[in-house]
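Asker: Just dropping this structure here.
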Amino acid sequence: MKESEIKKYYNKKISELRKHNKLYFDQSSPKISDKEYDEIKREILNLEKKYSYLTSNISPSNSLGFAPSKNFIKSSHRVKMLSLSNAFDLEDLENFEKKIFNYLNKKIDVEYSVEPKIDGISASLTYKDGLLVLGASRGDGMIGEVITENLKTISDIPHKITYKDFPNDIDIRGEVFIKKSDFSNLKNNFANPRNAASGSLRQKNSEQTKKIPLNFIAYTYGYFESKTIKKQSEFLKSLKKWGFKTSEHNKVLKTINDLENFHKNFEKDRFDLEYDVDGLVYKINSLDLQKRLGFTASSPRWAIAHKFSADSAYSLIEDINIQVGRTGALTPVARIKPVNIGGVVVSNATLHNEDEIIRKDIRLGDTVKVERAGDVIPHVVLVDLKKRKTSSKKFVFPKKCPCGFDTIKEFNKVTKKYDAVRRCPDRGFECEKIAVEKIKHFISKEALNIDGLGKKVVEKFWDLQLIRFPQDVFNLDYAQISKLEGWGDLSVSNLKFSIDQSKKVSLDRFIYSLGIRHIGIENAKLLAEYTKSILNFLNFIKNKKIGEFLNIDGIGETQIYSLKKFFENKSNYKIVEKLSSLLNISDLKINKNGKLSNNTFMFTGKLSNMSRAEAKSLIEENSGSVVSSVNKKLKYLIIGEKPTNRKVEEAKKLGIKILSQKEWLNLLN
Ligand code: IVH
């Protein structure tokens, strides 16, 4: 890459960082996970390391945080509020210690004060003659916001301290946070406890702050001249004596090995803590040594944060529920004690299927490792057997569907093995669980795409017995709906309008909307292209000519078997007939010479003002096609908001063209 291109790329990363800093620090509403944020920072640091001409005053190597909000009066910190550098593994820890020995020019026996790194927001409290005179947020590390009144609402913060040995001028620093149990009442408003704490603390009116229960744990000082206190661990003890809360998990350890072992165990137990912890902080215990070691531009040389994994965490299985999908598959889902994984609070994790439970011997009450990455559903990775109680019993997978039918495991003729998935045999709409899922599928974006009739509404209408079959959607009792909570005249008439609109549907979408197993949108399109009209499609079925679909390139025995099974069921056939009389099903028009012909596209991130389904249709109407993975066949990757970095990187590696939504729409004029 040329120097100008490198600079351009670097500046792009810097403006990304600026944007996310603003969202995180100023608006308390981050749009990316901590891991993604750390990745941007790491990329900037790596670029600076490689190309010495790159600099920015907002680079993590120079800056400490983000400028204070305009809402508050500002105050300069007498001693800067720095951040900590991070360690992710043993090697990072060894390097940290090595650097200390190099700096001191000798190897010494060290003692570390080990403290949980509470995932909240830091605050500095200035006490003069025992009185709390100023409370400030970190701001950009040099200048913070004056939030004294808000901080005073926190009961853990003493307003007056009368101990004789309490210094007459000191800044006490610590973390403001919200307990996990209190967060559960607020989870609809914030992604995680830290955002909730930050949002509450930075309210303009302290009466608002009072409404959200905040806590404060003290761990260090800013301005302070000590003659008697020689160690960080002694300072922590004094803090406790003076009436501050300190962490009950603080301890003193000596070797890197001890730190590593403690970290390993703490990471597993952290879900049991009352508050979120995203790592451990190790500080050289001797305050004299701390003074000698001093600071780099952004962090102390005498301390490091040893982070926990940002995409996995341990938690406890409190219950195992069985969910039934549209195709009858029984999916076990672990209800876990809520745990913060990289900024997202997770309380459900999939256990995939019966075989997976048997293979991993997952049981109720087990402590398990849960992984969450990108948009993938959180899943259980392993069981911590050491934590298993002797009284624990193997989980018995139910042999009956919640609807009462016996379940089956299908035999796969190709692999000559039984399926890993247990299923409720799909008998049309007899199983209530399958039926609701089928209706959800029927109205979904790629099928009939009915605005205002989302999955939750379908569930509600089902419970009220307003719908039992797909055709009931076109015969809703609107008078009754308008009486329901949350439904006004406007929303009812909007719903009516979009249901009417949805009656005009193309043949491929209609076939897809039926929710026949193995007939996804692509296969539905093939069937529609082959049969051309709904009349013709129904004739194939009536005349028992489904086998003829084998002529279609892309349709195999699996699809044929599934179609036959679906239509053998009389009620399914009746539903399709009924729907075909209610709907206006248009023939499939194929345009092979559109603007995008021979071009493949893939999306990552959220598009503005357009659903993925609509974008896909737009591409297909113009003879392009949409693929679902980055590979050599892909020509363009279209990037929306919050794209998956991995996909972008892969595309760059393969030299695939990257387009913004605007650039893509420009291709279509
Ligand atoms: S010491 C100069 N101790 O972690 C070092 N920080 O990136 C000052 N934090 O801004 C911090 N628990 O918000 C320290 N026991 C602890 C901590 C802790 C959480 C936070 C704090 C700080 C950030 C450092």
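To be explicit about the labels: the chains of the structure tokens are called A, B, and onward in the order shown, and within each one the residues are counted from 1, while ligands get numbers from 1 in the order they are shown.
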To test your reading of the structure, identify every residue in segment 171-289 of chain A that backbone DSSP assigns to strand (DSSP E or B), and report it as a ChimeraX atom specification.

Answerer: /A:171-177,215-221,231,251-253,277-284,286

Asker: With only C-alpha atoms and all ligand atoms counted, collect every polymer residue having an atom within 6 Å of ligand 1; state the result as a PyMOL selection string.

Answerer: chain A and resi 82-84+115-118+121-122+175+219+281+299-300

Asker: At a cut-off of 12 Å, using only C-alpha atoms, what residues contact Val630 of chain A? Leave out same-chain residues fewer than 4 positions from it and give the result as a list in words.

Answerer: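 Once the nearby chain positions are removed, what remains is Thr600, Phe601, Met602, Phe603, Thr604, Val626, Leu634, Lys635, Tyr636, Leu637, Ile638, Thr644, Arg646, Lys647, Val648, Glu649, Glu650, Ala651, Lys652, Lys653, Leu654, Gly655, Ile656, Lys657 and Ile658 of chain A.
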
Asker: Which polymer residues have any atom within 12 Å of an atom of segment 40-46 of chain A, counting only C-alpha atoms, with same-chain residues fewer than 6 positions away left out, as a VMD selection string?

Answerer: chain A and resid 6 to 7 9 to 21 32 to 34 52 54 to 56 58 to 63 65 85 to 86 645

Asker: Keeping N, CA and C atoms, export the residues of the selection given above as an mmCIF file, in the first residue's frame.

Answerer:
data_model
loop_
_atom_site.group_PDB
_atom_site.id
_atom_site.type_symbol
_atom_site.label_atom_id
_atom_site.label_comp_id
_atom_site.auth_asym_id
_atom_site.auth_seq_id
_atom_site.Cartn_x
_atom_site.Cartn_y
_atom_site.Cartn_z
ATOM 1 N N ILE A 6 -2.200 4.324 3.187
ATOM 2 C CA ILE A 6 -2.080 3.907 4.588
ATOM 3 C C ILE A 6 -2.632 5.005 5.502
ATOM 4 N N LYS A 7 -2.261 6.245 5.185
ATOM 5 C CA LYS A 7 -2.742 7.378 5.983
ATOM 6 C C LYS A 7 -4.265 7.464 5.933
ATOM 7 N N TYR A 9 -6.370 5.058 5.354
ATOM 8 C CA TYR A 9 -6.949 3.960 6.118
ATOM 9 C C TYR A 9 -6.866 4.239 7.628
ATOM 10 N N TYR A 10 -5.689 4.744 8.027
ATOM 11 C CA TYR A 10 -5.482 5.063 9.446
ATOM 12 C C TYR A 10 -6.512 6.115 9.908
ATOM 13 N N ASN A 11 -6.670 7.166 9.084
ATOM 14 C CA ASN A 11 -7.616 8.222 9.461
ATOM 15 C C ASN A 11 -9.048 7.703 9.540
ATOM 16 N N LYS A 12 -9.331 6.727 8.682
ATOM 17 C CA LYS A 12 -10.671 6.138 8.713
ATOM 18 C C LYS A 12 -10.899 5.437 10.059
ATOM 19 N N LYS A 13 -9.857 4.698 10.493
ATOM 20 C CA LYS A 13 -9.959 3.971 11.779
ATOM 21 C C LYS A 13 -10.082 4.965 12.935
ATOM 22 N N ILE A 14 -9.329 6.078 12.819
ATOM 23 C CA ILE A 14 -9.377 7.093 13.878
ATOM 24 C C ILE A 14 -10.782 7.705 13.949
ATOM 25 N N SER A 15 -11.384 7.965 12.774
ATOM 26 C CA SER A 15 -12.727 8.559 12.877
ATOM 27 C C SER A 15 -13.739 7.541 13.373
ATOM 28 N N GLU A 16 -13.508 6.259 13.061
ATOM 29 C CA GLU A 16 -14.385 5.219 13.649
ATOM 30 C C GLU A 16 -14.278 5.264 15.167
ATOM 31 N N LEU A 17 -13.036 5.361 15.644
ATOM 32 C CA LEU A 17 -12.813 5.380 17.092
ATOM 33 C C LEU A 17 -13.489 6.598 17.716
ATOM 34 N N ARG A 18 -13.354 7.745 17.025
ATOM 35 C CA ARG A 18 -13.959 8.972 17.560
ATOM 36 C C ARG A 18 -15.467 8.783 17.689
ATOM 37 N N LYS A 19 -16.053 8.212 16.631
ATOM 38 C CA LYS A 19 -17.509 8.011 16.633
ATOM 39 C C LYS A 19 -17.925 7.114 17.805
ATOM 40 N N HIS A 20 -17.183 5.990 17.976
ATOM 41 C CA HIS A 20 -17.587 5.050 19.021
ATOM 42 C C HIS A 20 -17.267 5.577 20.407
ATOM 43 N N ASN A 21 -16.216 6.406 20.528
ATOM 44 C CA ASN A 21 -15.941 7.059 21.808
ATOM 45 C C ASN A 21 -17.122 7.926 22.212
ATOM 46 N N ILE A 32 -21.251 -0.920 19.265
ATOM 47 C CA ILE A 32 -20.468 -2.121 18.970
ATOM 48 C C ILE A 32 -20.053 -2.767 20.289
ATOM 49 N N SER A 33 -19.665 -4.057 20.227
ATOM 50 C CA SER A 33 -19.291 -4.748 21.457
ATOM 51 C C SER A 33 -17.907 -4.276 21.907
ATOM 52 N N ASP A 34 -17.594 -4.564 23.179
ATOM 53 C CA ASP A 34 -16.280 -4.175 23.714
ATOM 54 C C ASP A 34 -15.177 -4.779 22.866
ATOM 55 N N SER A 52 5.784 4.746 11.496
ATOM 56 C CA SER A 52 6.003 5.719 12.565
ATOM 57 C C SER A 52 5.437 7.104 12.236
ATOM 58 N N LEU A 54 2.477 7.797 11.422
ATOM 59 C CA LEU A 54 1.053 7.922 11.760
ATOM 60 C C LEU A 54 0.878 8.421 13.189
ATOM 61 N N THR A 55 0.170 9.509 13.373
ATOM 62 C CA THR A 55 -0.144 9.973 14.740
ATOM 63 C C THR A 55 -1.507 10.640 14.737
ATOM 64 N N SER A 56 -2.110 10.604 15.905
ATOM 65 C CA SER A 56 -3.370 11.332 16.088
ATOM 66 C C SER A 56 -3.520 11.595 17.570
ATOM 67 N N ILE A 58 -6.166 11.582 19.134
ATOM 68 C CA ILE A 58 -7.165 10.719 19.776
ATOM 69 C C ILE A 58 -6.767 9.234 19.727
ATOM 70 N N SER A 59 -5.556 8.969 19.245
ATOM 71 C CA SER A 59 -5.097 7.582 19.239
ATOM 72 C C SER A 59 -5.030 7.052 20.671
ATOM 73 N N PRO A 60 -5.298 5.746 20.857
ATOM 74 C CA PRO A 60 -5.224 5.207 22.222
ATOM 75 C C PRO A 60 -3.824 5.381 22.827
ATOM 76 N N SER A 61 -2.793 5.592 21.990
ATOM 77 C CA SER A 61 -1.450 5.748 22.557
ATOM 78 C C SER A 61 -1.275 7.135 23.183
ATOM 79 N N ASN A 62 -2.135 8.070 22.825
ATOM 80 C CA ASN A 62 -2.015 9.412 23.387
ATOM 81 C C ASN A 62 -3.170 9.796 24.284
ATOM 82 N N SER A 63 -4.325 9.252 23.978
ATOM 83 C CA SER A 63 -5.470 9.808 24.681
ATOM 84 C C SER A 63 -5.992 8.840 25.717
ATOM 85 N N GLY A 65 -9.380 8.951 27.044
ATOM 86 C CA GLY A 65 -10.803 8.636 27.063
ATOM 87 C C GLY A 65 -11.495 9.536 26.089
ATOM 88 N N SER A 85 -3.093 -0.502 30.804
ATOM 89 C CA SER A 85 -2.867 -1.301 29.606
ATOM 90 C C SER A 85 -3.414 -2.707 29.878
ATOM 91 N N ASN A 86 -3.687 -3.427 28.790
ATOM 92 C CA ASN A 86 -4.358 -4.726 28.927
ATOM 93 C C ASN A 86 -3.422 -5.896 28.685
ATOM 94 N N ASN A 645 -16.710 -7.447 11.038
ATOM 95 C CA ASN A 645 -15.339 -7.147 10.608
ATOM 96 C C ASN A 645 -14.698 -8.307 9.861
#

Asker: Could you list, as a list in words, every residue within 8 Å of Lys606 of chain A, counting only C-alpha atoms and ignoring same-chain residues fewer than 6 positions away?

Answerer: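 The residues satisfying every condition are Ile639, Gly640, Glu641, Lys642 and Pro643 of chain A.
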
Asker: Export C-alpha atoms of the chosen residues as a PDB file, in the first residue's frame?

Answerer:
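What follows is the written file again03.pdb:
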ATOM      1  CA  ILE A 639     -21.569  -2.773   3.886  1.00  0.00           C
ATOM      2  CA  GLY A 640     -24.278  -1.370   6.117  1.00  0.00           C
ATOM      3  CA  GLU A 641     -24.074  -0.135   9.679  1.00  0.00           C
ATOM      4  CA  LYS A 642     -22.078  -2.306  12.130  1.00  0.00           C
ATOM      5  CA  PRO A 643     -20.692  -4.761   9.537  1.00  0.00           C
TER       6      PRO A 643
END

Asker: Please indicate the distance in Å from atom CA of Leu550 of chain A to atom CA of Phe537 of chain A, rounded to one decimal place.

Answerer: 14.3 Å
